[in-house]
Number of protein chains: 2
Amino acid sequence: MKEPLAAMIPSHDPDLDPDLDPDSEAQRTRKNGRGENIPDVVIRRLPIYARALQYLHTEGVEHLSSEELGDRIDVSAAQIRRDLAYFGDFGKQGKGYNVAFLLDQVKTILQLQHTRNIVLVGVGDLGHALARYDAFRQNGFSITAVFDHNPRKQGQRVGRLVIEGMDALAGRLHDDGIEIALLAVPAHAAQAVADTLIAAGIRAILNYAPTVVKVPKHVSIRHIDPVVALQSMTYYLPDSE
Amino acid sequence: MKEPLAAMIPSHDPDLDPDLDPDSEAQRTRKNGRGENIPDVVIRRLPIYARALQYLHTEGVEHLSSEELGDRIDVSAAQIRRDLAYFGDFGKQGKGYNVAFLLDQVKTILQLQHTRNIVLVGVGDLGHALARYDAFRQNGFSITAVFDHNPRKQGQRVGRLVIEGMDALAGRLHDDGIEIALLAVPAHAAQAVADTLIAAGIRAILNYAPTVVKVPKHVSIRHIDPVVALQSMTYYLPDSE
DNA sequence: GAAAGAATGTTAAAATAGTCACAATGTAAG
DNA sequence: CTTACATTGTGACTATTTTAACATTCTTTC
């Protein structure tokens, strides 16, 4: 291995970044040790690698090749090697990758070493379901505050949490150092609430509202949109007649 | 407009398709009237266009330019024109697009003219939430049967539906002409259940299980994976120290 | 410890996706 | 009816992403 990983994750103030990326994902780009810009497609695959590695690790698998990993997650071996190469040399010729080591490295790259507190905004049916959904906590994302615009909901409980008003948002984010929000409000409110979140300092939004939400480039956003997913698959269905 | 849209959606038996597409999405590709192959990225954007157009339509907007549409959904005007050009000429120079007409055309392309029956497999917490989620029905996807592997759940009700056993699956799909399934089983069961669904004739799967599911190329699959979405955004968060 | 085998990291090529810019064509105003 | 203006559809170009191939390096066997 050429360089330790730590050296390859630069401290980089995004507000100084002159890059006017028109990408709708609107996230700042980070560079690796070689000064390369790492494509977002690559970043999106890393959690898939991490999950497979986590599973293999608990199964007691100690080493595997890029080909074995690729078979498991339906990604080509070349793609995996190429993706990892953006960050360093993690494998050994003739042997492949050490599962525990690579997992640790990928988690480090993704900044997944420790649990993060996140907030949930919008406590309708969907919001309730999200609050109950264990997978967040099980994977290092702990919902520590929930907010709703509706005064009648404020004060009510959702699991162990008490629903707070939007006015409490900025203070909460700041006090608890929260950078990530789940957005589960109606489509017509999504942009305004997102803007509020961003003004309060949020850096990443997982949007469940069925609408496009625009964010400045120092903020990341991903959309969870099952209807859109279904609607794109119907294209491929056999012709009806 | 050069050609009527109907002529551009070919009847095309996927099983005769010699195309050995290694795409992990594993869906067959359809071609337009010019014999071009339409990229999946394009197909994935169409539902976004449709949703914006639907909204504009209900708002009473009659015409708009590719630029106005693009601004609204954060896609470049050139991209929109290019995407639509795969399917035909839907706009008018100097005027733009007629909202109602274009919406209808996009829905036709995506085969969204009529409501479709879909099934839900796996009735845990997540499955229950999905069964309750109105957005499916509101957008033309009606859950008409729910299945669970657990005999103790079979016979129980979820809303108006009764949970059936997996043995009832193939018959149900066939009888009701169902082509789409929501997969909400635990990760360790997802591949096996998907295989069962596919053997029973399903053509599209929306997978909520946190694992990669492989499908043959005549089947489409999309993954809804909020944890992976969060884990990719943490990469862009400001460095912790 | 030399030779055979395995699998990486990397370079180059191919394939895919997105942007630009403008001729063509329609609209609308005078 | 003519001119000015708007906006499409598209050909050429650029950028991004993926694949392929292989020299290099490590492992293992004999």
# chains A, B, ... in the order shown; residues from 1 in each chain; ligands from 1

call {"tool": "select_by_dssp", "arguments": {"residues": "range 24-156 of chain B", "states": "helix (DSSP H, G or I)", "output": "compact mmCIF listing (two decimals) with C-alpha atoms, in the first residue's frame"}}
result
# COMPACT_ATOMS: atom_id res chain seq x y z
CA ASP B 40 -32.20 3.73 -18.70
CA VAL B 41 -31.12 7.10 -17.27
CA VAL B 42 -33.56 8.70 -19.65
CA ILE B 43 -36.37 6.40 -18.58
CA ARG B 44 -35.65 7.22 -14.97
CA ARG B 45 -36.09 10.91 -15.61
CA LEU B 46 -39.43 10.58 -17.37
CA PRO B 47 -41.44 10.05 -14.17
CA ILE B 48 -39.93 13.25 -12.80
CA TYR B 49 -41.09 15.09 -15.89
CA ALA B 50 -44.50 13.47 -15.57
CA ARG B 51 -44.89 14.54 -11.99
CA ALA B 52 -43.95 18.15 -12.71
CA LEU B 53 -46.30 18.19 -15.69
CA GLN B 54 -49.11 16.73 -13.61
CA TYR B 55 -48.65 19.46 -11.07
CA LEU B 56 -48.54 22.19 -13.70
CA HIS B 57 -51.62 20.73 -15.32
CA THR B 58 -53.63 20.89 -12.10
CA SER B 66 -38.08 23.14 -21.78
CA GLU B 67 -36.25 25.82 -19.85
CA GLU B 68 -39.17 26.51 -17.52
CA LEU B 69 -39.65 22.80 -16.90
CA GLY B 70 -35.95 22.34 -16.36
CA ASP B 71 -35.72 25.15 -13.83
CA ARG B 72 -38.51 23.57 -11.87
CA ILE B 73 -36.93 20.13 -11.58
CA ALA B 77 -33.32 22.39 -20.83
CA ALA B 78 -31.07 20.64 -23.34
CA GLN B 79 -31.39 17.42 -21.39
CA ILE B 80 -35.16 17.57 -21.43
CA ARG B 81 -35.33 18.25 -25.15
CA ARG B 82 -32.83 15.50 -25.81
CA ASP B 83 -34.70 13.01 -23.65
CA LEU B 84 -38.03 13.76 -25.27
CA ALA B 85 -36.50 13.60 -28.73
CA VAL B 99 -48.65 20.58 -20.78
CA ALA B 100 -51.69 18.32 -21.13
CA PHE B 101 -50.46 16.83 -24.36
CA LEU B 102 -46.92 16.22 -23.19
CA LEU B 103 -48.12 14.71 -19.93
CA ASP B 104 -50.31 12.33 -21.84
CA GLN B 105 -47.45 11.37 -24.12
CA VAL B 106 -45.04 10.75 -21.27
CA LYS B 107 -47.62 8.63 -19.48
CA THR B 108 -48.14 6.66 -22.64
CA ILE B 109 -44.42 6.08 -23.04
CA ASP B 125 -43.41 -3.37 10.27
CA LEU B 126 -42.25 -2.09 6.92
CA GLY B 127 -44.80 -4.12 5.00
CA HIS B 128 -47.58 -2.76 7.17
CA ALA B 129 -46.41 0.78 6.54
CA LEU B 130 -46.31 0.16 2.80
CA ALA B 131 -49.81 -1.30 2.84
CA ARG B 132 -51.02 1.88 4.53
CA ALA B 135 -49.12 7.31 -2.53
CA PHE B 136 -49.10 4.01 -4.40
CA ARG B 137 -52.82 4.00 -5.05
CA GLN B 138 -52.89 7.73 -5.69

call {"tool": "residues_around", "arguments": {"residues": "DT8 in chain D", "least_positions_apart": "6", "cutoff": "10 Å", "atoms": "only C-alpha atoms (C1' of nucleotides)", "output": "NGL selection string"}}
result
(:B and (65-66 or 81 or 89-97)) or (:C and (24-26))

call {"tool": "select_by_dssp", "arguments": {"residues": "range 40-183 of chain A", "states": "strand (DSSP E or B)", "output": "PyMOL selection string"}}
result
chain A and resi 63-64+91-92+96-98+116-121+141-147+157-158+161-164+180-183

call {"tool": "atom_distance", "arguments": {"atom1": "CA of Asp239 in chain B", "atom2": "CA of Asn98 in chain A"}}
result
26.0 Å

call {"tool": "interface_residues", "arguments": {"of": "chain D", "to": "chain B", "cutoff": "8 Å", "atoms": "only C-alpha atoms (C1' of nucleotides)", "output": "PDB file with C-alpha atoms (C1' of nucleotides), in the first residue's frame"}}
result
ATOM      1  C1'  DA D   6     -38.929  32.516 -29.121  1.00  0.00           C
ATOM      2  C1'  DT D   7     -37.943  27.886 -28.705  1.00  0.00           C
ATOM      3  C1'  DT D   8     -37.574  23.471 -30.609  1.00  0.00           C
ATOM      4  C1'  DG D   9     -34.889  19.308 -32.378  1.00  0.00           C
TER       5       DG D   9
END

call {"tool": "closest_atom_pairs", "arguments": {"of": "chain C", "to": "chain A", "cutoff": "8 Å", "atoms": "only C-alpha atoms (C1' of nucleotides)", "output": "JSON lines"}}
result
{"residue": "C:DA6", "atom": "C1'", "partner": "A:Gly94", "partner_atom": "CA", "distance": 4.2}
{"residue": "C:DA7", "atom": "C1'", "partner": "A:Gly94", "partner_atom": "CA", "distance": 4.4}
{"residue": "C:DT8", "atom": "C1'", "partner": "A:Gln93", "partner_atom": "CA", "distance": 4.3}
{"residue": "C:DG9", "atom": "C1'", "partner": "A:Ala85", "partner_atom": "CA", "distance": 6.9}

call {"tool": "write_last_selection", "arguments": {"atoms": "C-alpha atoms (C1' of nucleotides)", "output": "PDB file, in the first residue's frame"}}
result
ATOM      1  C1'  DA C   6      -3.319 -15.453  -8.551  1.00  0.00           C
ATOM      2  C1'  DA C   7      -5.063 -11.073  -8.193  1.00  0.00           C
ATOM      3  C1'  DT C   8      -3.976  -6.341  -7.698  1.00  0.00           C
ATOM      4  C1'  DG C   9      -3.493  -1.384  -9.432  1.00  0.00           C
TER       5       DG C   9
END

call {"tool": "atom_distance", "arguments": {"atom1": "CA of Ala168 in chain B", "atom2": "CA of Val119 in chain B"}}
result
11.8 Å

call {"tool": "residues_around", "arguments": {"residues": "DA12 in chain C", "least_positions_apart": "6", "cutoff": "12 Å", "atoms": "only C-alpha atoms (C1' of nucleotides)", "output": "PyMOL selection string"}}
result
chain D and resi 19-22
